[in-house]
$ cat model.cif   # mmCIF, C-alpha atoms and all ligand atoms
data_work
#
loop_
_atom_site.label_atom_id
_atom_site.label_comp_id
_atom_site.auth_asym_id
_atom_site.auth_seq_id
_atom_site.Cartn_x
_atom_site.Cartn_y
_atom_site.Cartn_z
CA MET A 1 -7.33 -18.02 3.62
CA ARG A 2 -4.56 -20.14 2.32
CA TYR A 3 -1.00 -20.07 3.47
CA GLN A 4 2.13 -21.22 1.91
CA VAL A 5 4.92 -21.31 4.35
CA SER A 6 7.98 -20.42 2.43
CA ASN A 7 11.60 -19.58 2.57
CA ASN A 8 14.83 -21.34 3.20
CA LYS A 9 14.46 -21.00 6.94
CA LEU A 10 12.03 -23.86 6.65
CA GLU A 11 14.71 -25.88 4.92
CA VAL A 12 17.03 -25.16 7.80
CA LEU A 13 14.28 -26.23 10.08
CA GLU A 14 13.86 -29.37 8.08
CA LYS A 15 17.49 -30.28 8.43
CA GLU A 16 17.35 -29.62 12.13
CA LEU A 17 14.39 -31.81 12.67
CA HIS A 18 15.06 -34.56 10.14
CA ASP A 19 11.35 -34.86 10.12
CA ARG A 20 9.03 -32.70 8.09
CA GLU A 21 5.96 -33.94 9.86
CA ALA A 22 7.28 -32.79 13.21
CA GLU A 23 7.91 -29.35 11.78
CA ILE A 24 4.40 -29.11 10.38
CA GLU A 25 2.95 -30.32 13.67
CA LEU A 26 4.85 -27.59 15.42
CA LEU A 27 3.44 -24.97 13.09
CA LYS A 28 -0.01 -26.35 13.55
CA THR A 29 0.31 -26.19 17.32
CA THR A 30 1.52 -22.59 17.13
CA PHE A 31 -1.47 -21.70 14.98
CA SER A 32 -3.99 -23.71 16.95
CA GLU A 33 -3.03 -22.14 20.24
CA ASN A 34 -3.85 -18.78 18.74
CA LEU A 35 -7.13 -19.58 17.06
CA LEU A 36 -10.33 -17.90 18.13
CA PRO A 37 -13.22 -20.21 19.08
CA ASP A 38 -15.01 -19.95 15.71
CA GLU A 39 -11.95 -20.26 13.50
CA THR A 40 -10.80 -23.46 11.82
CA LEU A 41 -7.39 -24.48 10.70
CA SER A 42 -6.44 -27.47 8.63
CA ARG A 43 -3.52 -28.56 6.57
CA LEU A 44 -4.12 -28.80 2.86
CA GLY A 45 -0.96 -30.74 2.23
CA GLY A 46 2.75 -30.01 2.08
CA ASP A 47 3.39 -26.58 3.47
CA GLU A 48 -0.09 -25.27 2.71
CA PHE A 49 -2.76 -24.52 5.25
CA ILE A 50 -6.38 -23.53 5.10
CA PHE A 51 -7.75 -21.11 7.58
CA ILE A 52 -11.49 -20.48 7.78
CA LEU A 53 -12.89 -17.50 9.59
CA PRO A 54 -16.50 -16.28 9.81
CA GLN A 55 -15.79 -12.82 8.54
CA LYS A 56 -16.85 -10.70 5.56
CA ASP A 57 -15.30 -7.37 6.47
CA GLN A 58 -12.25 -7.01 4.23
CA ARG A 59 -10.39 -4.89 6.72
CA LYS A 60 -10.88 -7.44 9.48
CA ILE A 61 -9.79 -10.30 7.23
CA ILE A 62 -6.58 -8.49 6.33
CA LYS A 63 -5.98 -7.56 9.96
CA ARG A 64 -6.42 -11.19 11.06
CA GLY A 65 -4.03 -12.27 8.33
CA TYR A 66 -1.43 -9.87 9.62
CA ASP A 67 -1.92 -11.25 13.14
CA LEU A 68 -1.00 -14.67 11.82
CA LEU A 69 1.95 -13.37 9.84
CA GLU A 70 3.21 -11.68 12.95
CA LEU A 71 2.77 -14.87 14.88
CA LEU A 72 4.84 -16.75 12.33
CA ASN A 73 7.49 -14.06 12.29
CA THR A 74 7.97 -14.35 16.03
CA PRO A 75 10.98 -16.61 16.43
CA PHE A 76 10.37 -19.90 18.19
CA LYS A 77 12.81 -22.46 19.47
CA VAL A 78 13.40 -25.90 18.02
CA ASN A 79 16.18 -27.89 19.68
CA GLU A 80 17.79 -24.72 20.97
CA THR A 81 17.79 -23.14 17.53
CA GLU A 82 15.78 -19.97 17.05
CA ILE A 83 13.67 -20.06 13.96
CA ALA A 84 11.37 -17.53 12.34
CA ILE A 85 9.44 -18.31 9.20
CA SER A 86 7.57 -16.25 6.70
CA ALA A 87 4.40 -17.06 4.85
CA SER A 88 2.18 -15.68 2.11
CA ILE A 89 -1.56 -15.48 2.57
CA GLY A 90 -4.28 -15.38 -0.04
CA ALA A 91 -7.85 -14.75 1.00
CA SER A 92 -11.28 -14.91 -0.59
CA VAL A 93 -14.81 -14.43 0.65
CA TYR A 94 -17.74 -16.84 0.31
CA PRO A 95 -20.00 -16.53 -1.64
CA GLU A 96 -18.83 -13.26 -3.28
CA HIS A 97 -15.67 -14.79 -4.72
CA GLY A 98 -17.01 -18.25 -5.49
CA GLU A 99 -20.03 -20.35 -4.64
CA ASP A 100 -18.32 -23.68 -4.59
CA ILE A 101 -15.19 -24.83 -2.90
CA SER A 102 -13.09 -25.41 -6.04
CA ILE A 103 -13.66 -21.90 -7.39
CA LEU A 104 -13.09 -20.41 -3.97
CA LEU A 105 -9.86 -22.35 -3.58
CA SER A 106 -8.60 -21.42 -7.00
CA HIS A 107 -9.25 -17.72 -6.34
CA THR A 108 -7.62 -17.95 -2.93
CA ASP A 109 -4.69 -19.59 -4.61
CA SER A 110 -4.21 -16.84 -7.17
CA ALA A 111 -4.47 -14.27 -4.37
CA MET A 112 -1.78 -16.13 -2.47
CA TYR A 113 0.58 -16.10 -5.44
CA HIS A 114 -0.07 -12.43 -5.84
CA ALA A 115 0.81 -11.85 -2.17
CA LYS A 116 3.97 -13.83 -2.72
CA ASP A 117 5.01 -12.06 -5.94
CA THR A 118 4.44 -8.60 -4.58
CA LYS A 119 5.94 -9.49 -1.20
CA LEU A 120 2.89 -7.96 0.42
CA GLY A 121 2.40 -10.90 2.73
CA ILE A 122 -1.35 -11.00 2.27
CA HIS A 123 -3.73 -10.33 -0.59
CA LEU A 124 -7.49 -10.49 -0.84
CA TYR A 125 -8.79 -11.89 -4.13
CA ASP A 126 -9.72 -9.08 -6.49
CA PRO A 127 -12.21 -9.91 -9.28
CA GLU A 128 -11.18 -6.72 -11.09
CA LEU A 129 -7.70 -8.13 -11.44
CA ASP A 130 -9.09 -11.22 -13.15
CA LYS A 131 -11.19 -9.15 -15.52
CA TYR A 132 -8.16 -7.54 -17.10
CA THR A 133 -5.61 -10.32 -16.98
CA GLY A 134 -5.72 -12.15 -20.22
CA GLN A 135 -7.20 -9.21 -22.07
CA LEU A 136 -4.11 -7.14 -21.67
CA THR A 137 -1.28 -8.44 -23.75
CA MET A 138 0.51 -6.94 -20.91
CA THR A 139 4.16 -6.62 -21.65
CA THR A 140 3.62 -5.32 -25.18
CA ASP A 141 0.89 -2.87 -24.20
CA LEU A 142 2.76 -1.56 -21.19
CA TYR A 143 6.02 -1.09 -23.12
CA LYS A 144 4.10 0.79 -25.77
CA ALA A 145 2.36 2.95 -23.19
CA LEU A 146 5.69 3.85 -21.61
CA ASP A 147 7.31 4.60 -24.95
CA GLU A 148 4.40 6.60 -26.28
CA ASN A 149 3.89 8.56 -23.07
CA ALA A 150 0.35 7.19 -22.73
CA PHE A 151 0.31 7.38 -18.94
CA LYS A 152 -0.94 10.60 -17.42
CA LEU A 153 -0.77 12.04 -13.95
CA TYR A 154 -3.89 13.45 -12.30
CA TYR A 155 -3.54 15.72 -9.28
CA GLN A 156 -5.66 15.72 -6.14
CA PRO A 157 -5.31 18.58 -3.66
CA GLU A 158 -4.46 18.13 0.01
CA ILE A 159 -5.72 20.99 2.15
CA ASN A 160 -4.22 22.17 5.42
CA LEU A 161 -7.03 22.33 8.01
CA GLN A 162 -5.35 24.99 10.13
CA ASP A 163 -5.20 27.74 7.53
CA ASP A 164 -7.15 26.30 4.59
CA THR A 165 -4.12 26.49 2.31
CA LEU A 166 -3.21 24.00 -0.38
CA SER A 167 0.15 22.62 0.65
CA SER A 168 0.47 19.57 -1.52
CA VAL A 169 -1.17 17.34 -4.11
CA GLU A 170 -1.16 13.61 -4.68
CA ALA A 171 -0.18 12.53 -8.18
CA LEU A 172 -2.29 9.59 -9.33
CA GLY A 173 -1.54 7.59 -12.46
CA ARG A 174 -4.10 7.27 -15.26
CA TRP A 175 -4.07 5.09 -18.35
CA GLU A 176 -6.49 5.16 -21.24
CA HIS A 177 -5.89 1.96 -23.18
CA SER A 178 -6.50 2.26 -26.92
CA LYS A 179 -8.85 -0.75 -27.00
CA LEU A 180 -9.86 -1.47 -23.39
CA GLY A 181 -10.49 2.11 -22.39
CA PHE A 182 -9.77 3.41 -18.93
CA ILE A 183 -7.82 0.92 -16.81
CA PRO A 184 -7.92 1.46 -13.03
CA PRO A 185 -4.50 2.35 -11.60
CA ASN A 186 -4.31 -0.56 -9.18
CA ILE A 187 -4.73 -2.89 -12.18
CA PHE A 188 -2.01 -1.37 -14.34
CA ILE A 189 0.34 -0.82 -11.38
CA ASP A 190 -0.03 -4.49 -10.67
CA ALA A 191 0.71 -5.37 -14.27
CA LEU A 192 3.74 -3.06 -14.24
CA GLU A 193 5.01 -4.84 -11.16
CA GLN A 194 4.48 -8.27 -12.67
CA THR A 195 6.28 -7.37 -15.87
CA GLY A 196 9.16 -5.66 -14.10
CA LEU A 197 8.34 -2.31 -15.72
CA ILE A 198 7.32 -0.58 -12.51
CA ASP A 199 10.74 1.04 -11.98
CA ARG A 200 10.66 2.66 -15.41
CA TYR A 201 7.14 3.89 -14.77
CA THR A 202 7.99 5.25 -11.31
CA GLU A 203 11.02 7.06 -12.70
CA TRP A 204 8.71 8.67 -15.25
CA VAL A 205 6.33 9.69 -12.42
CA VAL A 206 9.14 11.28 -10.41
CA LYS A 207 10.52 13.16 -13.44
CA THR A 208 7.06 14.38 -14.42
CA ALA A 209 6.36 15.50 -10.85
CA LEU A 210 9.65 17.43 -10.70
CA MET A 211 8.81 19.23 -13.94
CA GLN A 212 5.34 20.04 -12.65
CA ILE A 213 6.73 21.44 -9.38
CA GLU A 214 9.03 23.67 -11.42
CA SER A 215 6.20 24.79 -13.68
CA TRP A 216 4.01 25.73 -10.69
CA ARG A 217 6.88 27.62 -9.10
CA ASN A 218 7.19 29.65 -12.29
CA MET A 219 3.49 30.43 -11.94
CA GLY A 220 4.06 31.56 -8.35
CA TYR A 221 2.78 28.44 -6.53
CA GLU A 222 4.82 26.47 -4.03
CA ILE A 223 3.20 23.05 -4.14
CA LYS A 224 4.63 19.75 -3.03
CA ILE A 225 3.77 16.59 -4.96
CA ALA A 226 3.16 13.25 -3.29
CA VAL A 227 3.89 10.22 -5.45
CA ASN A 228 3.09 6.59 -4.69
CA ILE A 229 6.11 4.35 -4.60
CA SER A 230 5.58 0.63 -4.89
CA THR A 231 7.39 -1.55 -2.37
CA MET A 232 9.09 -3.41 -5.15
CA THR A 233 10.71 -0.28 -6.55
CA LEU A 234 11.95 0.84 -3.17
CA ASN A 235 13.90 -2.38 -2.87
CA HIS A 236 15.79 -1.78 -6.11
CA GLU A 237 19.28 -0.28 -6.04
CA SER A 238 18.83 1.13 -9.54
CA PHE A 239 15.91 3.26 -8.40
CA ILE A 240 17.94 4.73 -5.55
CA ARG A 241 20.74 5.46 -8.05
CA PHE A 242 18.21 7.18 -10.31
CA LEU A 243 17.06 9.34 -7.39
CA LYS A 244 20.60 10.34 -6.47
CA GLU A 245 21.31 11.34 -10.07
CA THR A 246 18.01 13.18 -10.55
CA ILE A 247 17.72 15.01 -7.26
CA ILE A 248 21.00 16.80 -7.10
CA ASP A 249 19.81 19.40 -4.64
CA SER A 250 17.86 18.54 -1.47
CA LYS A 251 15.91 21.79 -1.93
CA VAL A 252 14.31 20.28 -5.02
CA GLY A 253 13.88 17.00 -3.14
CA SER A 254 11.94 18.70 -0.37
CA TYR A 255 9.08 19.37 -2.79
CA LEU A 256 8.60 15.63 -3.20
CA ILE A 257 6.68 13.35 -0.87
CA PHE A 258 7.00 9.59 -1.24
CA GLU A 259 3.95 7.64 -0.14
CA ILE A 260 4.83 4.13 0.88
CA THR A 261 2.32 1.63 2.16
CA GLU A 262 2.16 0.41 5.67
CA ASN A 263 2.64 -3.15 4.44
CA LEU A 264 6.17 -2.31 3.55
CA PHE A 265 7.07 -2.66 7.17
CA LEU A 266 6.83 -6.37 6.87
CA ALA A 267 9.85 -6.20 4.60
CA GLU A 268 13.37 -6.52 5.83
CA TYR A 269 13.77 -3.81 8.36
CA ASP A 270 17.50 -3.07 8.26
CA HIS A 271 17.63 -2.75 4.51
CA LEU A 272 14.47 -0.66 4.45
CA SER A 273 15.71 1.63 7.17
CA GLU A 274 18.94 2.25 5.24
CA THR A 275 17.05 2.97 2.01
CA LEU A 276 14.68 5.38 3.73
CA GLN A 277 17.59 7.24 5.31
CA ILE A 278 19.15 7.75 1.87
CA ILE A 279 15.85 9.03 0.48
CA ARG A 280 15.37 11.34 3.44
CA LYS A 281 18.89 12.77 2.93
CA LEU A 282 17.85 13.76 -0.57
CA GLY A 283 15.27 16.00 1.12
CA ILE A 284 12.29 13.84 0.16
CA ILE A 285 9.47 13.70 2.72
CA LEU A 286 8.29 10.21 3.67
CA SER A 287 4.66 9.40 4.27
CA ILE A 288 2.97 6.17 5.34
CA ASP A 289 0.00 5.49 3.05
CA ASP A 290 -3.16 3.49 3.83
CA PHE A 291 -2.42 3.53 7.53
CA GLY A 292 -4.60 1.20 9.55
CA THR A 293 -5.09 -1.46 6.89
CA GLY A 294 -1.98 -3.44 7.57
CA TYR A 295 0.15 -4.45 10.38
CA SER A 296 2.92 -2.15 11.47
CA SER A 297 4.67 -1.72 14.71
CA LEU A 298 4.63 1.86 15.82
CA SER A 299 7.80 1.49 17.83
CA ARG A 300 9.50 0.56 14.56
CA LEU A 301 7.80 3.36 12.69
CA LYS A 302 9.16 5.85 15.18
CA LYS A 303 12.72 4.86 14.34
CA LEU A 304 12.28 5.48 10.63
CA PRO A 305 12.67 8.94 9.06
CA VAL A 306 8.96 9.23 8.36
CA SER A 307 7.16 12.58 8.82
CA GLU A 308 3.59 11.94 7.79
CA LEU A 309 0.88 9.35 8.11
CA LYS A 310 -2.18 8.99 5.87
CA ILE A 311 -5.20 7.42 7.50
CA ASP A 312 -6.80 4.99 5.07
CA CYS A 313 -10.01 6.22 3.47
CA SER A 314 -11.92 3.14 4.67
CA PHE A 315 -11.86 4.59 8.20
CA VAL A 316 -12.54 8.17 7.14
CA MET A 317 -15.44 7.58 4.76
CA GLU A 318 -17.74 6.13 7.41
CA MET A 319 -16.44 7.87 10.50
CA ILE A 320 -19.44 10.14 10.94
CA TYR A 321 -21.74 7.13 11.03
CA ASP A 322 -19.52 4.57 12.67
CA GLN A 323 -18.36 5.15 16.23
CA ASP A 324 -15.56 2.57 15.99
CA ASP A 325 -14.10 4.25 12.92
CA GLU A 326 -14.15 7.61 14.61
CA VAL A 327 -12.32 6.17 17.61
CA ILE A 328 -9.67 4.70 15.31
CA VAL A 329 -9.27 8.01 13.47
CA LYS A 330 -9.06 9.96 16.71
CA SER A 331 -6.50 7.68 18.33
CA THR A 332 -4.41 7.59 15.15
CA ILE A 333 -4.31 11.39 15.12
CA ASP A 334 -3.34 11.58 18.81
CA LEU A 335 -0.78 8.85 18.53
CA SER A 336 0.80 10.38 15.42
CA HIS A 337 1.05 13.77 17.04
CA ASN A 338 2.72 12.21 20.07
CA LEU A 339 5.26 10.68 17.73
CA GLY A 340 5.78 14.02 15.99
CA LEU A 341 4.06 13.00 12.76
CA THR A 342 1.55 15.04 10.79
CA VAL A 343 -1.70 13.37 9.76
CA VAL A 344 -3.53 13.37 6.45
CA ALA A 345 -7.05 11.96 6.23
CA GLU A 346 -8.01 10.70 2.78
CA GLY A 347 -11.51 9.96 1.48
CA VAL A 348 -13.13 13.11 2.87
CA GLU A 349 -16.39 13.15 0.95
CA ASN A 350 -18.54 15.69 2.80
CA LYS A 351 -18.52 18.83 4.91
CA GLU A 352 -19.46 16.95 8.07
CA THR A 353 -16.42 14.70 7.91
CA TYR A 354 -14.26 17.71 7.10
CA ASN A 355 -15.51 19.54 10.23
CA ARG A 356 -15.18 16.49 12.45
CA LEU A 357 -11.59 15.96 11.36
CA LYS A 358 -10.81 19.59 12.02
CA ALA A 359 -12.25 19.26 15.53
CA LEU A 360 -10.15 16.14 16.11
CA GLY A 361 -6.99 18.08 15.28
CA CYS A 362 -6.20 16.39 11.96
CA ASP A 363 -3.62 18.37 9.95
CA THR A 364 -4.53 17.79 6.32
CA VAL A 365 -7.49 16.47 4.32
CA GLN A 366 -7.90 15.00 0.86
CA GLY A 367 -11.04 13.79 -0.83
CA TYR A 368 -13.92 14.35 -3.21
CA HIS A 369 -15.36 17.02 -0.90
CA ILE A 370 -12.45 19.23 -1.90
CA SER A 371 -11.81 17.86 -5.36
CA LYS A 372 -11.49 14.66 -7.35
CA PRO A 373 -8.08 13.96 -8.91
CA LEU A 374 -7.86 16.31 -11.92
CA PRO A 375 -5.89 16.40 -15.18
CA ILE A 376 -3.38 19.22 -15.22
CA HIS A 377 -5.42 21.80 -17.15
CA LEU A 378 -8.40 21.36 -14.79
CA PHE A 379 -6.15 21.37 -11.77
CA ASN A 380 -4.65 24.69 -12.85
CA GLU A 381 -8.17 26.08 -13.17
CA PHE A 382 -8.87 24.86 -9.65
CA LEU A 383 -5.75 26.74 -8.48
CA THR A 384 -6.88 29.96 -10.14
CA ARG A 385 -10.38 29.66 -8.66
CA ARG A 386 -9.01 29.28 -5.15
CA LYS A 387 -6.80 32.33 -5.46
P1 LIG A 401 -4.16 5.55 -2.96
O1 LIG A 401 -2.72 5.90 -2.94
O2 LIG A 401 -4.79 5.19 -1.64
O3 LIG A 401 -4.89 6.77 -3.63
C1 LIG A 401 -6.10 7.31 -3.20
C2 LIG A 401 -7.24 6.78 -4.01
O4 LIG A 401 -8.45 7.20 -3.42
C3 LIG A 401 -7.26 7.31 -5.44
O5 LIG A 401 -7.78 6.29 -6.26
C4 LIG A 401 -8.24 8.46 -5.34
O6 LIG A 401 -8.85 8.78 -6.55
C5 LIG A 401 -9.23 7.91 -4.35
N1 LIG A 401 -9.95 8.95 -3.63
C6 LIG A 401 -9.52 10.19 -3.30
N2 LIG A 401 -10.45 10.86 -2.62
C7 LIG A 401 -11.52 10.05 -2.49
C8 LIG A 401 -12.80 10.18 -1.86
O7 LIG A 401 -13.17 11.21 -1.25
N3 LIG A 401 -13.64 9.11 -1.94
C9 LIG A 401 -13.28 7.96 -2.58
N4 LIG A 401 -14.16 6.96 -2.62
N5 LIG A 401 -12.06 7.80 -3.15
C10 LIG A 401 -11.19 8.82 -3.10
P2 LIG A 401 -7.09 5.92 -7.63
O8 LIG A 401 -6.59 7.14 -8.32
O9 LIG A 401 -8.02 5.03 -8.34
O10 LIG A 401 -5.81 5.10 -7.18
C11 LIG A 401 -5.93 3.84 -6.60
C12 LIG A 401 -4.60 3.34 -6.10
O11 LIG A 401 -3.70 3.09 -7.18
C13 LIG A 401 -3.87 4.36 -5.24
O12 LIG A 401 -4.41 4.33 -3.95
C14 LIG A 401 -2.46 3.87 -5.34
O13 LIG A 401 -2.22 2.81 -4.43
C15 LIG A 401 -2.39 3.30 -6.74
N6 LIG A 401 -1.71 4.25 -7.62
C16 LIG A 401 -2.23 5.27 -8.35
N7 LIG A 401 -1.26 5.89 -9.04
C17 LIG A 401 -0.10 5.27 -8.74
C18 LIG A 401 1.26 5.44 -9.13
O14 LIG A 401 1.64 6.33 -9.91
N8 LIG A 401 2.19 4.58 -8.60
C19 LIG A 401 1.85 3.59 -7.71
N9 LIG A 401 2.80 2.80 -7.23
N10 LIG A 401 0.58 3.41 -7.32
C20 LIG A 401 -0.39 4.23 -7.82
CA CA A 402 -1.45 7.25 -1.97
CA CA A 403 -4.13 5.73 0.40
#
$ encode --input "model.cif" --output "structure tokens"
Amino acid sequence: MRYQVSNNKLEVLEKELHDREAEIELLKTTFSENLLPDETLSRLGGDEFIFILPQKDQRKIIKRGYDLLELLNTPFKVNETEIAISASIGASVYPEHGEDISILLSHTDSAMYHAKDTKLGIHLYDPELDKYTGQLTMTTDLYKALDENAFKLYYQPEINLQDDTLSSVEALGRWEHSKLGFIPPNIFIDALEQTGLIDRYTEWVVKTALMQIESWRNMGYEIKIAVNISTMTLNHESFIRFLKETIIDSKVGSYLIFEITENLFLAEYDHLSETLQIIRKLGIILSIDDFGTGYSSLSRLKKLPVSELKIDCSFVMEMIYDQDDEVIVKSTIDLSHNLGLTVVAEGVENKETYNRLKALGCDTVQGYHISKPLPIHLFNEFLTRRK
């Protein structure tokens, strides 16, 4: 893992201390006191640190990263001045992401810049990402795709476990590139974020979803659509303006669910809270996506106008084989219910998992066991079959 301690608070700190070395020493002490016996920390130079941990499990790496981010975010005192700093973390795994130190470092580095750009705090190196960068003449291709309506939405059903009804669907973006073929959504979403086109894309998603809701209502189906909203977009005033103009009636809004990732909660809380209140007033339901993969404080979560929590598929997919995963799923369900939240489990791939989740009191399930994400014509066939 590689950190870059950033932000002007460090500059403030620098002024306070008149001595950069002292500041770095302080950071190092803070880290060192919190290291586990088999972890190593060293300073790479400047404000960059290397952190080595004997771990291959992606989830655990990310979790440990968030521990450290939390540690850094906890204000500490220097000469009576309270200081909190932020950092970005990039991570890579040996030998999967590189067999020698220079490759490993360079991949960790690009992951760190990605974490910084997307304000996600931490990012694990993704070879897929590398495969497409360079091939995509990104800006041009993405502009064209937006203009020519080349993006499509696929729909994946979410089934209520109590009464077996279909209450909502998740809209998932698809892009068939004219030369490169099918491009995975996390790749093109990333590219859209990097080129600043993500807001335009998300506005298209919301408009398309609203039209689809209307079309289903005309067919006699009341179905809510969940759309994924990138953290970046949520921070933009223009997107909130777009929502206010587009959703004139909160009745229409109440058919929309916004899925936001747990990582978002590392962002500035006051601003976020305000934004989410505005969105909620428009009737839109808020859901926390990928729950369990990041770091989020549940006491904070409780104060936000969130109604639903989606347990990340990485816990659900193995839960019938892995006792730890089942415990996590069970406690997340119980905890959510205590907080008045409904729970969706994603990544339900077989009947056994479906039954187990039902027994644990989970509210809603989504996954290949019910259906893969489908293009609209196939989804409508699915609807007719279920009738
Ligand atoms: P996500 O929001 O966690 O979406 C769920 C992903 O899990 C989808 O992958 C879906 O196809 C997959 N999935 C559903 N059920 C199962 C299952 O039973 N087993 C397995 N193995 N996988 C399952 P997909 O469509 O490739 O999307 C990947 C990610 O891309 C999404 O993760 C989401 O973060 C992002 N994404 C997709 N469309 C959009 C979009 O329109 N906007 C934004 N901001 N992000 C999007
Ligand atoms: Ca999602
Ligand atoms: Ca998810």
$ closest_atom_pairs --input "model.cif" --of "segment 257-353 of chain A" --to "segment 223-242 of chain A" --cutoff "7 Å" --atoms "all atoms listed in the file" --output "tab-separated table"
residue	atom	partner	partner_atom	distance
A:Ile257	CA	A:Ala226	CA	4.3
A:Phe258	CA	A:Val227	CA	5.3
A:Glu259	CA	A:Asn228	CA	4.7
A:Ile260	CA	A:Ile229	CA	5.6
A:Leu264	CA	A:Thr231	CA	6.1
$ residues_near_ligand --input "model.cif" --ligand "ligand LIG 401 (chain A)" --cutoff "6 Å" --atoms "all atoms listed in the file" --output "PDB file with C-alpha atoms, in the coordinates of the input"
ATOM      1  CA  LEU A 172      -2.290   9.590  -9.330  1.00  0.00           C
ATOM      2  CA  GLY A 173      -1.540   7.590 -12.460  1.00  0.00           C
ATOM      3  CA  PRO A 184      -7.920   1.460 -13.030  1.00  0.00           C
ATOM      4  CA  PRO A 185      -4.500   2.350 -11.600  1.00  0.00           C
ATOM      5  CA  ASN A 186      -4.310  -0.560  -9.180  1.00  0.00           C
ATOM      6  CA  ILE A 189       0.340  -0.820 -11.380  1.00  0.00           C
ATOM      7  CA  ASN A 228       3.090   6.590  -4.690  1.00  0.00           C
ATOM      8  CA  ILE A 229       6.110   4.350  -4.600  1.00  0.00           C
ATOM      9  CA  SER A 230       5.580   0.630  -4.890  1.00  0.00           C
ATOM     10  CA  ASP A 290      -3.160   3.490   3.830  1.00  0.00           C
ATOM     11  CA  GLU A 346      -8.010  10.700   2.780  1.00  0.00           C
ATOM     12  CA  GLY A 347     -11.510   9.960   1.480  1.00  0.00           C
ATOM     13  CA  VAL A 348     -13.130  13.110   2.870  1.00  0.00           C
ATOM     14  CA  GLU A 349     -16.390  13.150   0.950  1.00  0.00           C
ATOM     15  CA  GLN A 366      -7.900  15.000   0.860  1.00  0.00           C
ATOM     16  CA  GLY A 367     -11.040  13.790  -0.830  1.00  0.00           C
ATOM     17  CA  TYR A 368     -13.920  14.350  -3.210  1.00  0.00           C
ATOM     18  CA  PRO A 373      -8.080  13.960  -8.910  1.00  0.00           C
TER      19      PRO A 373
END
$ closest_residue --input "model.cif" --among "A:Lys310, A:Arg200, A:Arg43, A:Lys179" --to "ligand CA 402 (chain A)" --atoms "only C-alpha atoms and all ligand atoms"
A:Lys310
$ residues_around --input "model.cif" --residues "segment 94-105 of chain A" --least-positions-apart "6" --cutoff "10 Å" --atoms "all atoms listed in the file" --output "ChimeraX atom specification"
/A:1-2,50,54-56,111,125-127
$ atom_distance --input "model.cif" --atom1 "atom CA of Leu301 of chain A" --atom2 "atom CA of Asp190 of chain A"
25.9 Å
$ residues_around --input "model.cif" --residues "segment 145-149 of chain A" --least-positions-apart "4" --cutoff "10 Å" --atoms "all atoms listed in the file" --output "list in words"
Thr139, Thr140, Asp141, Trp175, Glu176, His177, Ser178, Leu197, Arg200, Tyr201 and Trp204 of chain A
$ write_last_selection --input "model.cif" --atoms "C-alpha atoms" --output "JSON list (two decimals), in the coordinates of the input"
[["chain", "number", "residue", "atom", "x", "y", "z"],
["A", 139, "THR", "CA", 4.16, -6.62, -21.65],
["A", 140, "THR", "CA", 3.62, -5.32, -25.18],
["A", 141, "ASP", "CA", 0.89, -2.87, -24.20],
["A", 175, "TRP", "CA", -4.07, 5.09, -18.35],
["A", 176, "GLU", "CA", -6.49, 5.16, -21.24],
["A", 177, "HIS", "CA", -5.89, 1.96, -23.18],
["A", 178, "SER", "CA", -6.50, 2.26, -26.92],
["A", 197, "LEU", "CA", 8.34, -2.31, -15.72],
["A", 200, "ARG", "CA", 10.66, 2.66, -15.41],
["A", 201, "TYR", "CA", 7.14, 3.89, -14.77],
["A", 204, "TRP", "CA", 8.71, 8.67, -15.25]]
$ residues_near_point --input "model.cif" --point "(2.5, 25.2, -5.2)" --cutoff "12 Å" --atoms "all atoms listed in the file" --output "ChimeraX atom specification"
/A:155,157-159,165-169,209-210,212-225,255-256,379-380,383-384,387
$ write_last_selection --input "model.cif" --atoms "C-alpha atoms" --output "mmCIF file, in the frame of the given file"
data_model
loop_
_atom_site.group_PDB
_atom_site.id
_atom_site.type_symbol
_atom_site.label_atom_id
_atom_site.label_comp_id
_atom_site.auth_asym_id
_atom_site.auth_seq_id
_atom_site.Cartn_x
_atom_site.Cartn_y
_atom_site.Cartn_z
ATOM 1 C CA TYR A 155 -3.540 15.720 -9.280
ATOM 2 C CA PRO A 157 -5.310 18.580 -3.660
ATOM 3 C CA GLU A 158 -4.460 18.130 0.010
ATOM 4 C CA ILE A 159 -5.720 20.990 2.150
ATOM 5 C CA THR A 165 -4.120 26.490 2.310
ATOM 6 C CA LEU A 166 -3.210 24.000 -0.380
ATOM 7 C CA SER A 167 0.150 22.620 0.650
ATOM 8 C CA SER A 168 0.470 19.570 -1.520
ATOM 9 C CA VAL A 169 -1.170 17.340 -4.110
ATOM 10 C CA ALA A 209 6.360 15.500 -10.850
ATOM 11 C CA LEU A 210 9.650 17.430 -10.700
ATOM 12 C CA GLN A 212 5.340 20.040 -12.650
ATOM 13 C CA ILE A 213 6.730 21.440 -9.380
ATOM 14 C CA GLU A 214 9.030 23.670 -11.420
ATOM 15 C CA SER A 215 6.200 24.790 -13.680
ATOM 16 C CA TRP A 216 4.010 25.730 -10.690
ATOM 17 C CA ARG A 217 6.880 27.620 -9.100
ATOM 18 C CA ASN A 218 7.190 29.650 -12.290
ATOM 19 C CA MET A 219 3.490 30.430 -11.940
ATOM 20 C CA GLY A 220 4.060 31.560 -8.350
ATOM 21 C CA TYR A 221 2.780 28.440 -6.530
ATOM 22 C CA GLU A 222 4.820 26.470 -4.030
ATOM 23 C CA ILE A 223 3.200 23.050 -4.140
ATOM 24 C CA LYS A 224 4.630 19.750 -3.030
ATOM 25 C CA ILE A 225 3.770 16.590 -4.960
ATOM 26 C CA TYR A 255 9.080 19.370 -2.790
ATOM 27 C CA LEU A 256 8.600 15.630 -3.200
ATOM 28 C CA PHE A 379 -6.150 21.370 -11.770
ATOM 29 C CA ASN A 380 -4.650 24.690 -12.850
ATOM 30 C CA LEU A 383 -5.750 26.740 -8.480
ATOM 31 C CA THR A 384 -6.880 29.960 -10.140
ATOM 32 C CA LYS A 387 -6.800 32.330 -5.460
#
